[in-house]
$ cat final-v2.cif   # mmCIF, C-alpha atoms
data_final
#
loop_
_atom_site.label_atom_id
_atom_site.label_comp_id
_atom_site.auth_asym_id
_atom_site.auth_seq_id
_atom_site.Cartn_x
_atom_site.Cartn_y
_atom_site.Cartn_z
CA MET M 1 173.35 90.86 74.00
CA ILE M 2 174.96 92.99 76.72
CA ASN M 3 171.97 95.33 76.76
CA ASN M 4 169.63 92.33 77.05
CA LYS M 5 171.63 91.03 80.01
CA LYS M 6 171.46 94.43 81.69
CA THR M 7 167.72 94.54 81.16
CA ILE M 8 167.30 91.06 82.67
CA LEU M 9 169.54 92.01 85.63
CA ARG M 10 167.51 95.16 86.31
CA SER M 11 164.29 93.12 86.22
CA LEU M 12 165.72 90.63 88.72
CA VAL M 13 166.67 93.49 91.05
CA TRP M 14 163.16 94.96 90.80
CA LEU M 15 161.64 91.56 91.56
CA ALA M 16 163.96 91.05 94.53
CA PHE M 17 162.67 94.26 96.09
CA GLY M 18 159.06 93.48 95.19
CA VAL M 19 158.96 96.34 92.72
CA LEU M 20 158.09 96.29 89.04
CA PRO M 21 158.65 99.16 86.63
CA CYS M 22 155.56 100.99 85.44
CA ILE M 23 155.30 99.70 81.91
CA ALA M 24 151.71 100.69 81.06
CA GLN M 25 151.15 104.32 80.33
CA ALA M 26 147.82 105.99 81.16
CA GLU M 27 145.64 106.06 78.11
CA GLU M 28 145.03 109.28 76.24
CA ILE M 29 141.41 110.46 76.34
CA PRO M 30 139.99 111.20 72.88
CA ALA M 31 139.16 114.90 72.59
CA ASN M 32 135.50 114.13 72.00
CA GLN M 33 135.03 111.76 74.98
CA ILE M 34 134.29 111.99 78.71
CA ARG M 35 135.08 108.72 80.48
CA LEU M 36 133.17 107.69 83.59
CA ALA M 37 133.96 104.57 85.59
CA THR M 38 132.32 102.19 88.04
CA SER M 39 133.58 99.24 90.09
CA LEU M 40 130.95 96.73 91.22
CA ASP M 41 130.15 93.06 91.73
CA LEU M 42 129.30 91.51 88.37
CA GLN M 43 130.27 87.90 89.06
CA GLY M 44 130.16 87.24 92.79
CA GLN M 45 127.53 86.48 95.38
CA SER M 46 126.09 90.02 95.23
CA LYS M 47 126.16 90.28 91.43
CA GLY M 48 122.45 91.10 91.36
CA LEU M 49 123.29 94.45 92.94
CA GLY M 50 126.17 95.15 90.56
CA THR M 51 124.34 94.16 87.40
CA GLY M 52 121.25 96.09 88.48
CA MET M 53 123.22 99.24 89.22
CA LEU M 54 125.17 98.94 85.98
CA SER M 55 121.97 98.50 83.96
CA GLY M 56 120.58 101.70 85.42
CA LEU M 57 123.77 103.66 84.81
CA GLU M 58 124.01 102.43 81.22
CA ALA M 59 120.36 103.28 80.55
CA ALA M 60 120.94 106.84 81.80
CA LEU M 61 124.33 107.45 80.18
CA GLN M 62 124.44 105.38 76.99
CA ASP M 63 124.65 107.42 73.78
CA LYS M 64 124.51 110.67 75.76
CA GLN M 65 126.81 113.59 75.12
CA ILE M 66 127.63 116.92 76.69
CA GLY M 67 128.17 119.50 74.00
CA ALA M 68 130.37 117.79 71.43
CA LYS M 69 131.72 115.22 73.90
CA GLN M 70 130.40 111.67 74.05
CA ILE M 71 129.89 109.99 77.44
CA LYS M 72 131.63 106.62 77.78
CA LEU M 73 131.02 104.40 80.83
CA LEU M 74 133.75 101.92 81.78
CA SER M 75 133.07 99.15 84.32
CA GLU M 76 135.11 96.54 86.16
CA ASN M 77 134.05 93.60 88.31
CA ASP M 78 135.26 93.58 91.94
CA ASN M 79 133.26 90.63 93.35
CA TYR M 80 132.30 92.80 96.36
CA SER M 81 135.82 92.17 97.66
CA PRO M 82 138.01 95.12 98.78
CA PRO M 83 141.30 93.69 97.41
CA LYS M 84 139.65 93.18 94.02
CA THR M 85 138.21 96.70 94.25
CA ILE M 86 141.71 98.11 94.54
CA GLU M 87 142.74 96.21 91.40
CA ALA M 88 139.62 97.32 89.53
CA VAL M 89 139.89 100.97 90.54
CA ASN M 90 143.58 101.16 89.63
CA LYS M 91 142.85 99.62 86.24
CA LEU M 92 140.11 102.17 85.61
CA LEU M 93 142.27 105.05 86.83
CA SER M 94 144.90 104.09 84.23
CA GLN M 95 142.27 104.88 81.60
CA ASN M 96 142.07 108.55 82.58
CA VAL M 97 138.50 108.56 83.84
CA PHE M 98 136.75 111.80 84.72
CA ALA M 99 134.73 110.48 87.69
CA PHE M 100 133.60 107.29 89.40
CA VAL M 101 129.86 106.77 89.56
CA GLY M 102 127.59 104.20 91.23
CA ASN M 103 130.22 101.92 92.85
CA VAL M 104 128.48 99.22 94.91
CA GLY M 105 129.19 98.53 98.57
CA THR M 106 130.54 99.97 101.81
CA PRO M 107 133.73 97.91 102.35
CA THR M 108 134.54 98.30 98.66
CA ALA M 109 133.97 102.06 98.89
CA ALA M 110 136.36 102.15 101.85
CA ALA M 111 138.99 100.58 99.58
CA ALA M 112 138.26 102.86 96.63
CA LEU M 113 137.92 106.28 98.25
CA PRO M 114 141.60 106.80 99.25
CA LEU M 115 142.68 105.93 95.69
CA LEU M 116 140.19 108.41 94.25
CA ALA M 117 141.03 111.12 96.80
CA ASP M 118 144.72 110.80 95.92
CA LYS M 119 143.90 111.60 92.29
CA LYS M 120 141.13 114.08 93.17
CA ILE M 121 138.60 111.97 91.25
CA PRO M 122 134.96 112.58 92.30
CA ALA M 123 132.90 109.73 93.76
CA ILE M 124 129.30 110.26 92.62
CA GLY M 125 126.21 108.38 93.77
CA PHE M 126 127.83 105.28 95.26
CA PHE M 127 125.37 102.51 96.16
CA THR M 128 125.84 102.65 99.94
CA GLY M 129 124.18 104.48 102.80
CA SER M 130 127.23 104.28 105.04
CA ASP M 131 128.39 107.22 107.14
CA LEU M 132 131.79 106.61 105.54
CA LEU M 133 130.66 108.78 102.62
CA ARG M 134 128.69 111.31 104.64
CA SER M 135 131.29 113.40 106.42
CA ASN M 136 130.94 116.01 103.67
CA GLN M 137 134.14 115.04 101.86
CA GLU M 138 135.04 117.49 99.14
CA ASP M 139 134.74 115.19 96.12
CA VAL M 140 132.02 112.81 97.36
CA ILE M 141 128.39 113.33 96.30
CA ASN M 142 125.65 110.97 97.52
CA TYR M 143 122.20 110.51 96.08
CA ARG M 144 120.57 108.22 98.64
CA ALA M 145 119.40 108.32 102.25
CA SER M 146 121.77 106.84 104.85
CA TYR M 147 121.45 103.45 106.52
CA GLY M 148 120.89 105.32 109.77
CA GLN M 149 117.85 107.02 108.26
CA GLU M 150 116.52 103.70 106.94
CA VAL M 151 116.97 101.88 110.26
CA LYS M 152 115.47 104.79 112.20
CA ALA M 153 112.38 104.83 109.99
CA VAL M 154 111.61 101.13 110.35
CA VAL M 155 112.43 100.85 114.06
CA GLU M 156 110.29 103.86 114.93
CA GLU M 157 107.50 102.23 112.92
CA ALA M 158 107.98 99.11 115.05
CA PHE M 159 107.79 101.21 118.23
CA ASN M 160 104.51 102.67 117.00
CA HIS M 161 103.06 99.16 116.72
CA GLY M 162 103.93 97.88 120.18
CA TYR M 163 107.49 96.62 119.82
CA GLY M 164 109.54 97.83 122.79
CA PRO M 165 113.24 98.75 122.54
CA ALA M 166 114.24 95.58 124.43
CA SER M 167 112.50 93.42 121.82
CA ILE M 168 114.65 94.71 118.93
CA CYS M 169 117.55 92.53 117.74
CA ALA M 170 119.76 92.63 114.66
CA TYR M 171 121.42 90.35 112.13
CA ILE M 172 124.24 92.02 110.24
CA GLN M 173 127.14 91.51 107.88
CA ASP M 174 130.35 91.57 109.91
CA ASP M 175 132.02 94.56 108.29
CA SER M 176 131.71 98.32 107.85
CA TYR M 177 128.36 97.94 106.04
CA GLY M 178 126.68 95.93 108.78
CA LEU M 179 128.22 98.04 111.53
CA SER M 180 126.98 101.23 109.87
CA GLY M 181 123.42 99.92 110.10
CA LEU M 182 124.00 98.78 113.68
CA ARG M 183 125.14 102.29 114.62
CA GLY M 184 121.85 103.51 113.20
CA LEU M 185 120.05 101.08 115.51
CA LYS M 186 122.01 102.32 118.51
CA ALA M 187 121.15 105.91 117.63
CA VAL M 188 117.42 105.20 117.58
CA LEU M 189 117.61 103.25 120.87
CA THR M 190 119.63 105.96 122.62
CA GLY M 191 117.55 107.78 125.18
CA LYS M 192 114.87 105.09 125.40
CA GLN M 193 114.08 104.21 128.99
CA GLY M 194 115.61 101.09 130.49
CA VAL M 195 117.84 100.06 127.60
CA ASN M 196 121.23 101.47 128.60
CA TYR M 197 122.46 97.90 128.93
CA ILE M 198 121.70 97.33 125.25
CA ALA M 199 123.71 100.41 124.26
CA GLU M 200 126.60 99.12 126.38
CA ALA M 201 126.45 95.72 124.67
CA LEU M 202 126.45 97.39 121.26
CA ASP M 203 129.47 99.47 122.24
CA LYS M 204 131.35 96.26 123.08
CA ILE M 205 130.52 94.99 119.59
CA PHE M 206 131.83 98.23 118.03
CA GLU M 207 135.04 97.90 120.06
CA GLN M 208 135.97 94.69 118.26
CA GLU M 209 138.45 95.69 115.56
CA GLY M 210 138.40 94.74 111.90
CA ASP M 211 136.09 92.83 109.61
CA ASN M 212 135.13 89.36 110.83
CA ALA M 213 135.99 90.07 114.47
CA GLN M 214 134.40 87.99 117.22
CA ARG M 215 131.14 89.91 117.51
CA ASN M 216 128.71 87.06 118.10
CA GLY M 217 127.61 86.25 121.65
CA ILE M 218 127.98 89.83 122.92
CA GLY M 219 124.61 91.57 122.48
CA PRO M 220 121.23 91.36 120.73
CA VAL M 221 123.08 90.87 117.47
CA GLY M 222 124.05 88.01 115.19
CA VAL M 223 126.74 88.50 112.56
CA TYR M 224 127.91 86.64 109.47
CA LYS M 225 131.02 86.92 107.33
CA ARG M 226 130.75 88.91 104.09
CA ASN M 227 130.21 86.67 101.05
CA SER M 228 129.28 83.79 103.35
CA LEU M 229 125.96 81.97 103.54
CA ALA M 230 126.52 80.53 107.04
CA VAL M 231 123.70 81.76 109.28
CA ARG M 232 123.65 79.44 112.29
CA ASP M 233 126.25 81.28 114.39
CA GLY M 234 124.37 84.55 114.01
CA TYR M 235 121.07 82.91 114.89
CA ASP M 236 122.62 81.23 117.95
CA SER M 237 124.03 84.60 119.05
CA ILE M 238 120.55 86.12 119.14
CA LYS M 239 119.17 83.08 121.00
CA LYS M 240 121.99 83.37 123.55
CA TRP M 241 121.00 86.98 124.16
CA GLU M 242 117.34 85.99 124.60
CA ALA M 243 118.32 83.38 127.19
CA LYS M 244 120.58 85.80 129.04
CA GLN M 245 117.92 88.52 129.23
CA GLY M 246 115.01 86.17 129.87
CA ARG M 247 112.92 87.88 127.20
CA PRO M 248 112.44 87.18 123.48
CA CYS M 249 113.38 89.19 120.46
CA LYS M 250 110.33 90.13 118.41
CA PHE M 251 111.71 92.40 115.66
CA VAL M 252 115.01 91.70 113.87
CA VAL M 253 116.72 94.48 111.90
CA THR M 254 118.89 92.94 109.17
CA VAL M 255 121.73 94.69 107.38
CA GLY M 256 123.22 92.28 104.87
CA SER M 257 123.18 90.87 101.34
CA TYR M 258 120.06 89.42 99.77
CA GLU M 259 120.87 85.70 99.86
CA SER M 260 122.47 85.79 103.31
CA VAL M 261 119.50 87.60 104.84
CA ALA M 262 116.97 85.39 103.04
CA ARG M 263 118.72 82.26 104.33
CA PHE M 264 118.79 83.65 107.87
CA ILE M 265 115.05 84.38 107.79
CA THR M 266 114.37 80.92 106.37
CA TYR M 267 116.49 79.26 109.06
CA ALA M 268 114.83 81.23 111.86
CA ASN M 269 111.39 80.39 110.48
CA SER M 270 112.35 76.71 110.42
CA LYS M 271 113.00 77.08 114.15
CA LYS M 272 109.42 78.33 114.57
CA GLU M 273 110.46 81.90 115.39
CA SER M 274 107.65 84.43 115.10
CA TRP M 275 110.06 87.32 114.51
CA VAL M 276 109.27 90.18 112.16
CA TYR M 277 112.22 91.20 109.97
CA SER M 278 113.35 94.35 108.24
CA ALA M 279 115.98 94.87 105.55
CA VAL M 280 117.68 98.01 104.25
CA SER M 281 117.74 99.01 100.59
CA PHE M 282 121.26 97.72 99.92
CA THR M 283 120.01 94.18 100.50
CA GLY M 284 118.63 94.53 96.97
CA ALA M 285 114.84 94.42 96.73
CA ASP M 286 114.56 92.57 93.43
CA ASN M 287 117.01 89.75 94.22
CA PHE M 288 115.88 89.59 97.85
CA LEU M 289 112.31 89.04 96.69
CA LYS M 290 113.41 86.17 94.42
CA GLN M 291 115.37 84.54 97.22
CA LEU M 292 112.51 84.84 99.73
CA SER M 293 110.09 83.39 97.20
CA SER M 294 112.40 80.46 96.43
CA PHE M 295 112.56 79.66 100.16
CA GLY M 296 108.81 79.96 100.63
CA VAL M 297 108.92 83.10 102.81
CA ALA M 298 105.68 85.00 102.22
CA ASP M 299 105.21 87.55 105.03
CA ARG M 300 106.56 89.30 108.15
CA VAL M 301 109.29 91.06 106.14
CA LEU M 302 109.63 94.83 105.79
CA MET M 303 112.07 96.59 103.51
CA THR M 304 113.06 100.23 103.26
CA GLN M 305 113.60 101.67 99.77
CA VAL M 306 115.40 104.90 98.88
CA VAL M 307 113.88 105.43 95.44
CA PRO M 308 110.26 106.11 94.42
CA ALA M 309 107.85 103.21 93.89
CA LEU M 310 108.40 101.37 90.62
CA ASP M 311 104.82 102.12 89.54
CA SER M 312 105.19 105.82 90.33
CA GLU M 313 104.16 108.29 87.62
CA LEU M 314 107.00 110.68 88.41
CA PRO M 315 108.74 111.75 85.18
CA ILE M 316 112.08 110.31 86.36
CA VAL M 317 110.47 106.90 86.93
CA ASN M 318 108.63 107.03 83.60
CA GLU M 319 111.93 107.81 81.88
CA ALA M 320 113.66 104.93 83.66
CA ARG M 321 110.81 102.57 82.80
CA ALA M 322 111.06 103.47 79.13
CA ALA M 323 114.86 103.17 79.09
CA LEU M 324 115.16 99.99 81.14
CA GLY M 325 112.09 98.00 80.08
CA ASP M 326 111.99 94.67 81.90
CA LYS M 327 115.27 95.52 83.67
CA LEU M 328 113.50 98.15 85.78
CA GLY M 329 113.92 97.37 89.48
CA TYR M 330 114.71 99.21 92.69
CA VAL M 331 118.47 98.91 92.17
CA SER M 332 118.47 99.75 88.45
CA LEU M 333 116.18 102.71 89.16
CA GLU M 334 118.74 104.05 91.62
CA GLY M 335 121.46 103.60 89.00
CA TYR M 336 119.35 105.51 86.49
CA ILE M 337 118.73 108.35 88.97
CA VAL M 338 122.45 108.59 89.78
CA GLY M 339 123.34 108.69 86.08
CA ARG M 340 120.78 111.38 85.37
CA MET M 341 121.95 113.40 88.38
CA LEU M 342 125.50 113.41 87.06
CA LEU M 343 124.34 114.27 83.53
CA LYS M 344 122.41 117.25 84.89
CA ALA M 345 125.49 118.55 86.71
CA MET M 346 127.63 118.20 83.59
CA GLY M 347 124.94 119.81 81.47
CA ASP M 348 124.75 122.76 83.87
CA VAL M 349 128.52 123.28 83.59
CA GLU M 350 128.25 123.22 79.79
CA ALA M 351 125.27 125.60 79.77
CA ALA M 352 127.13 128.07 81.99
CA GLY M 353 130.00 128.18 79.51
CA GLN M 354 132.41 126.83 82.11
CA GLU M 355 135.31 124.48 81.50
CA MET M 356 134.31 120.82 81.98
CA THR M 357 136.49 120.14 85.01
CA ARG M 358 135.88 117.77 87.90
CA ALA M 359 135.73 120.67 90.34
CA ASN M 360 133.12 122.50 88.27
CA VAL M 361 130.92 119.37 88.01
CA VAL M 362 131.05 118.81 91.77
CA ALA M 363 130.29 122.51 92.32
CA ALA M 364 127.24 122.18 90.05
CA LEU M 365 125.75 119.86 92.71
CA ARG M 366 127.14 121.12 96.01
CA GLY M 367 124.99 123.73 97.68
CA LYS M 368 122.28 123.31 95.06
CA GLN M 369 118.62 122.37 95.32
CA PHE M 370 116.74 121.13 92.27
CA ASP M 371 114.07 118.85 90.88
CA LEU M 372 115.17 115.76 88.95
CA GLY M 373 112.11 114.61 87.05
CA GLY M 374 109.80 115.15 90.01
CA LEU M 375 112.33 113.86 92.56
CA PRO M 376 113.56 116.68 94.85
CA LEU M 377 117.30 116.76 95.56
CA ASP M 378 118.85 119.11 98.09
CA PHE M 379 122.59 119.54 98.61
CA THR M 380 122.36 122.84 100.50
CA ASP M 381 123.29 121.40 103.92
CA ASP M 382 125.44 118.36 103.14
CA ASN M 383 126.70 116.09 100.34
CA GLN M 384 123.54 113.94 100.26
CA GLY M 385 120.78 114.87 97.84
CA SER M 386 117.84 112.73 98.98
CA ASP M 387 116.38 111.82 102.38
CA LEU M 388 113.66 109.68 100.81
CA VAL M 389 112.87 106.47 102.73
CA VAL M 390 109.89 104.44 101.53
CA MET M 391 108.55 101.60 103.69
CA THR M 392 107.47 98.45 101.85
CA THR M 393 106.34 95.00 102.96
CA LEU M 394 106.38 91.53 101.42
CA ALA M 395 102.85 90.73 100.27
CA ASP M 396 101.56 88.56 97.42
CA ASN M 397 105.13 87.96 96.24
CA LYS M 398 105.92 91.63 95.71
CA TRP M 399 106.98 94.71 97.64
CA ALA M 400 103.82 96.59 98.58
CA PRO M 401 103.35 99.91 100.42
CA VAL M 402 103.00 99.66 104.18
CA ASP M 403 99.54 100.62 105.44
CA SER M 404 97.49 100.34 108.64
CA SER M 405 96.77 96.65 108.03
CA THR M 406 100.39 95.61 107.51
CA TRP M 407 101.23 95.00 111.16
CA LYS M 408 97.94 93.39 112.10
CA GLY M 409 98.45 89.92 113.57
CA TRP M 410 102.25 90.18 113.71
CA TYR M 411 102.78 91.34 117.27
CA LYS M 412 102.75 88.57 119.89
#
$ encode --input "final-v2.cif" --output "structure tokens"
Amino acid sequence: MINNKKTILRSLVWLAFGVLPCIAQAEEIPANQIRLATSLDLQGQSKGLGTGMLSGLEAALQDKQIGAKQIKLLSENDNYSPPKTIEAVNKLLSQNVFAFVGNVGTPTAAAALPLLADKKIPAIGFFTGSDLLRSNQEDVINYRASYGQEVKAVVEEAFNHGYGPASICAYIQDDSYGLSGLRGLKAVLTGKQGVNYIAEALDKIFEQEGDNAQRNGIGPVGVYKRNSLAVRDGYDSIKKWEAKQGRPCKFVVTVGSYESVARFITYANSKKESWVYSAVSFTGADNFLKQLSSFGVADRVLMTQVVPALDSELPIVNEARAALGDKLGYVSLEGYIVGRMLLKAMGDVEAAGQEMTRANVVAALRGKQFDLGGLPLDFTDDNQGSDLVVMTTLADNKWAPVDSSTWKGWYK
């Protein structure tokens, strides 16, 4: 009884100081198992991205083994919410995982990376093009092109078809993801004649601190809150800029989630805007297409992709098609590529007779250049393997390649 009272007293003291004893011990890893982990949105507003990425990872990694060790992929839902990401990542870390692979999102990556860095756990192929992961961190390996590269490609294409720098506006998610894309827009506008005032307005937007700061009404940009479907404030912000400058926007770069962007385009179209829109790959091509179709949007939308076309005959795409079946999409294909990239690195460590350590797996990618089923990857200069950006357009309820006829009739 005395011991029980002492135990209760200690617990009350811990609670009083906001501290709880660490009861759960980290799980032991079976000798014949390599555990990989991923944290992504499986239940929230962006679950199409999380489930797509997870499908691709599972198709690439399921039932695979390296030598005598079986690969096991563990996943946790984070609802595309940084606080939930911290919970999910800590739960996965308690299970002694070897590496994190394919996490979805920029703000969620910002929450996860310090936790992983503290444990020296590699972050492989996260589903984000943010600069946050591209400062050549030691244990971070990216597959995909950056948002800056995507925005540059589509805006330069707009320039080539008569859209001047002053006619470019943006609609973005009000967080590190949206701001990363907006920095890409500023980079491509920098040096263009007569648009210093736009760069200054963008700088004022960047100066606002934190997610969900007051960024509307400052420049040629409308913003919306992450996991929100409210689009009117962002639309009004762009219209305020048009009125202030006395000239219309013609091309709107969007950097957001699939339903939010689709609703914005639908709302702007209902206001009889003749804008042309672009979206980056993270918007999620497959779910974005469904949303646009459900709202009756049929044209004037471009989207950059960072994986090969789904009907490509590259061996890596053929493999993904066979493994994924009707789950093949742009997001699941990226998940499959990321999984295969990690498997190759682990296989190279095994083939070299090296110990299967995290450092050796990262070293099997860093500084290397190789072909992954017809897809060239090059890590010789940085921690990003692919610079591939493919331009597609909404046509006949699908994403089609951009050609010389795509822009015809759009510019007014």
$ atom_distance --input "final-v2.cif" --atom1 "atom CA of M:Val301" --atom2 "atom CA of M:Thr393"
5.9 Å
$ residues_around --input "final-v2.cif" --residues "M:Gly105" --least-positions-apart "3" --cutoff "6 Å" --atoms "only C-alpha atoms" --output "CSV table (one decimal) with C-alpha atoms, in the frame of the given file"
chain,number,residue,atom,x,y,z
M,108,THR,CA,134.5,98.3,98.7
M,109,ALA,CA,134.0,102.1,98.9
M,128,THR,CA,125.8,102.6,99.9
$ atom_distance --input "final-v2.cif" --atom1 "atom CA of M:Gly284" --atom2 "atom CA of M:Ala262"
11.1 Å
$ resolve_selection --input "final-v2.cif" --expression "the PyMOL selection byres ((chain M and resi 316-323) around 12)" --output "number ranges by chain"
M: 55-63, 307-315, 324-341, 371-376
$ write_last_selection --input "final-v2.cif" --atoms "C-alpha atoms" --output "compact mmCIF listing (two decimals), keeping the file's coordinate frame"
# COMPACT_ATOMS: atom_id res chain seq x y z
CA SER M 55 121.97 98.50 83.96
CA GLY M 56 120.58 101.70 85.42
CA LEU M 57 123.77 103.66 84.81
CA GLU M 58 124.01 102.43 81.22
CA ALA M 59 120.36 103.28 80.55
CA ALA M 60 120.94 106.84 81.80
CA LEU M 61 124.33 107.45 80.18
CA GLN M 62 124.44 105.38 76.99
CA ASP M 63 124.65 107.42 73.78
CA VAL M 307 113.88 105.43 95.44
CA PRO M 308 110.26 106.11 94.42
CA ALA M 309 107.85 103.21 93.89
CA LEU M 310 108.40 101.37 90.62
CA ASP M 311 104.82 102.12 89.54
CA SER M 312 105.19 105.82 90.33
CA GLU M 313 104.16 108.29 87.62
CA LEU M 314 107.00 110.68 88.41
CA PRO M 315 108.74 111.75 85.18
CA LEU M 324 115.16 99.99 81.14
CA GLY M 325 112.09 98.00 80.08
CA ASP M 326 111.99 94.67 81.90
CA LYS M 327 115.27 95.52 83.67
CA LEU M 328 113.50 98.15 85.78
CA GLY M 329 113.92 97.37 89.48
CA TYR M 330 114.71 99.21 92.69
CA VAL M 331 118.47 98.91 92.17
CA SER M 332 118.47 99.75 88.45
CA LEU M 333 116.18 102.71 89.16
CA GLU M 334 118.74 104.05 91.62
CA GLY M 335 121.46 103.60 89.00
CA TYR M 336 119.35 105.51 86.49
CA ILE M 337 118.73 108.35 88.97
CA VAL M 338 122.45 108.59 89.78
CA GLY M 339 123.34 108.69 86.08
CA ARG M 340 120.78 111.38 85.37
CA MET M 341 121.95 113.40 88.38
CA ASP M 371 114.07 118.85 90.88
CA LEU M 372 115.17 115.76 88.95
CA GLY M 373 112.11 114.61 87.05
CA GLY M 374 109.80 115.15 90.01
CA LEU M 375 112.33 113.86 92.56
CA PRO M 376 113.56 116.68 94.85
$ resolve_selection --input "final-v2.cif" --expression "the PyMOL selection byres ((chain M and resi 136) around 7)" --output "list in words"
Arg134, Ser135, Gln137, Glu138, Asp382 and Asn383 of chain M
$ residues_around --input "final-v2.cif" --residues "stretch 266-280 of chain M" --least-positions-apart "4" --cutoff "10 Å" --atoms "all atoms listed in the file" --output "CSV table (one decimal) with C-alpha atoms, in the coordinates of the input"
chain,number,residue,atom,x,y,z
M,129,GLY,CA,124.2,104.5,102.8
M,146,SER,CA,121.8,106.8,104.8
M,147,TYR,CA,121.4,103.4,106.5
M,148,GLY,CA,120.9,105.3,109.8
M,149,GLN,CA,117.8,107.0,108.3
M,150,GLU,CA,116.5,103.7,106.9
M,151,VAL,CA,117.0,101.9,110.3
M,154,VAL,CA,111.6,101.1,110.4
M,155,VAL,CA,112.4,100.8,114.1
M,158,ALA,CA,108.0,99.1,115.0
M,167,SER,CA,112.5,93.4,121.8
M,168,ILE,CA,114.6,94.7,118.9
M,169,CYS,CA,117.6,92.5,117.7
M,170,ALA,CA,119.8,92.6,114.7
M,171,TYR,CA,121.4,90.4,112.1
M,172,ILE,CA,124.2,92.0,110.2
M,181,GLY,CA,123.4,99.9,110.1
M,231,VAL,CA,123.7,81.8,109.3
M,232,ARG,CA,123.6,79.4,112.3
M,235,TYR,CA,121.1,82.9,114.9
M,236,ASP,CA,122.6,81.2,118.0
M,248,PRO,CA,112.4,87.2,123.5
M,249,CYS,CA,113.4,89.2,120.5
M,250,LYS,CA,110.3,90.1,118.4
M,251,PHE,CA,111.7,92.4,115.7
M,252,VAL,CA,115.0,91.7,113.9
M,253,VAL,CA,116.7,94.5,111.9
M,254,THR,CA,118.9,92.9,109.2
M,255,VAL,CA,121.7,94.7,107.4
M,256,GLY,CA,123.2,92.3,104.9
M,257,SER,CA,123.2,90.9,101.3
M,258,TYR,CA,120.1,89.4,99.8
M,260,SER,CA,122.5,85.8,103.3
M,261,VAL,CA,119.5,87.6,104.8
M,262,ALA,CA,117.0,85.4,103.0
M,284,GLY,CA,118.6,94.5,97.0
M,285,ALA,CA,114.8,94.4,96.7
M,288,PHE,CA,115.9,89.6,97.8
M,291,GLN,CA,115.4,84.5,97.2
M,292,LEU,CA,112.5,84.8,99.7
M,295,PHE,CA,112.6,79.7,100.2
M,296,GLY,CA,108.8,80.0,100.6
M,297,VAL,CA,108.9,83.1,102.8
M,299,ASP,CA,105.2,87.6,105.0
M,300,ARG,CA,106.6,89.3,108.2
M,301,VAL,CA,109.3,91.1,106.1
M,302,LEU,CA,109.6,94.8,105.8
M,303,MET,CA,112.1,96.6,103.5
M,304,THR,CA,113.1,100.2,103.3
M,305,GLN,CA,113.6,101.7,99.8
M,306,VAL,CA,115.4,104.9,98.9
M,389,VAL,CA,112.9,106.5,102.7
M,391,MET,CA,108.6,101.6,103.7
M,392,THR,CA,107.5,98.4,101.8
M,393,THR,CA,106.3,95.0,103.0
M,407,TRP,CA,101.2,95.0,111.2
M,410,TRP,CA,102.2,90.2,113.7
M,411,TYR,CA,102.8,91.3,117.3
M,412,LYS,CA,102.8,88.6,119.9
$ closest_residue --input "final-v2.cif" --among "M:Lys368, M:Lys204, M:Arg35, M:Lys91" --to "M:Lys72" --atoms "only C-alpha atoms"
M:Arg35
$ residues_near_point --input "final-v2.cif" --point "(123.0, 100.9, 121.1)" --cutoff "8 Å" --atoms "only C-alpha atoms" --output "count of residues only"
15
$ decode --input "final-v2.cif" --residues "stretch 267-273 of chain M" --atoms "N, CA, C and O atoms" --output "PDB file, in the first residue's frame"
ATOM      1  N   TYR M 267     -14.760  29.781 -58.756  1.00  0.00           N
ATOM      2  CA  TYR M 267     -15.296  31.064 -58.287  1.00  0.00           C
ATOM      3  C   TYR M 267     -14.911  32.192 -59.251  1.00  0.00           C
ATOM      4  O   TYR M 267     -15.753  33.015 -59.632  1.00  0.00           O
ATOM      5  N   ALA M 268     -13.634  32.217 -59.661  1.00  0.00           N
ATOM      6  CA  ALA M 268     -13.193  33.255 -60.590  1.00  0.00           C
ATOM      7  C   ALA M 268     -13.924  33.147 -61.922  1.00  0.00           C
ATOM      8  O   ALA M 268     -14.328  34.163 -62.519  1.00  0.00           O
ATOM      9  N   ASN M 269     -14.125  31.930 -62.391  1.00  0.00           N
ATOM     10  CA  ASN M 269     -14.866  31.745 -63.644  1.00  0.00           C
ATOM     11  C   ASN M 269     -16.310  32.228 -63.511  1.00  0.00           C
ATOM     12  O   ASN M 269     -16.893  32.759 -64.470  1.00  0.00           O
ATOM     13  N   SER M 270     -16.893  32.032 -62.323  1.00  0.00           N
ATOM     14  CA  SER M 270     -18.271  32.496 -62.115  1.00  0.00           C
ATOM     15  C   SER M 270     -18.357  34.014 -62.159  1.00  0.00           C
ATOM     16  O   SER M 270     -19.432  34.580 -62.394  1.00  0.00           O
ATOM     17  N   LYS M 271     -17.217  34.676 -61.939  1.00  0.00           N
ATOM     18  CA  LYS M 271     -17.142  36.129 -62.010  1.00  0.00           C
ATOM     19  C   LYS M 271     -16.737  36.608 -63.411  1.00  0.00           C
ATOM     20  O   LYS M 271     -16.391  37.771 -63.604  1.00  0.00           O
ATOM     21  N   LYS M 272     -16.775  35.662 -64.356  1.00  0.00           N
ATOM     22  CA  LYS M 272     -16.497  35.955 -65.770  1.00  0.00           C
ATOM     23  C   LYS M 272     -15.046  36.364 -66.021  1.00  0.00           C
ATOM     24  O   LYS M 272     -14.741  37.079 -66.981  1.00  0.00           O
ATOM     25  N   GLU M 273     -14.134  35.898 -65.170  1.00  0.00           N
ATOM     26  CA  GLU M 273     -12.713  36.159 -65.417  1.00  0.00           C
ATOM     27  C   GLU M 273     -12.249  35.305 -66.592  1.00  0.00           C
ATOM     28  O   GLU M 273     -12.666  34.158 -66.738  1.00  0.00           O
TER      29      GLU M 273
END
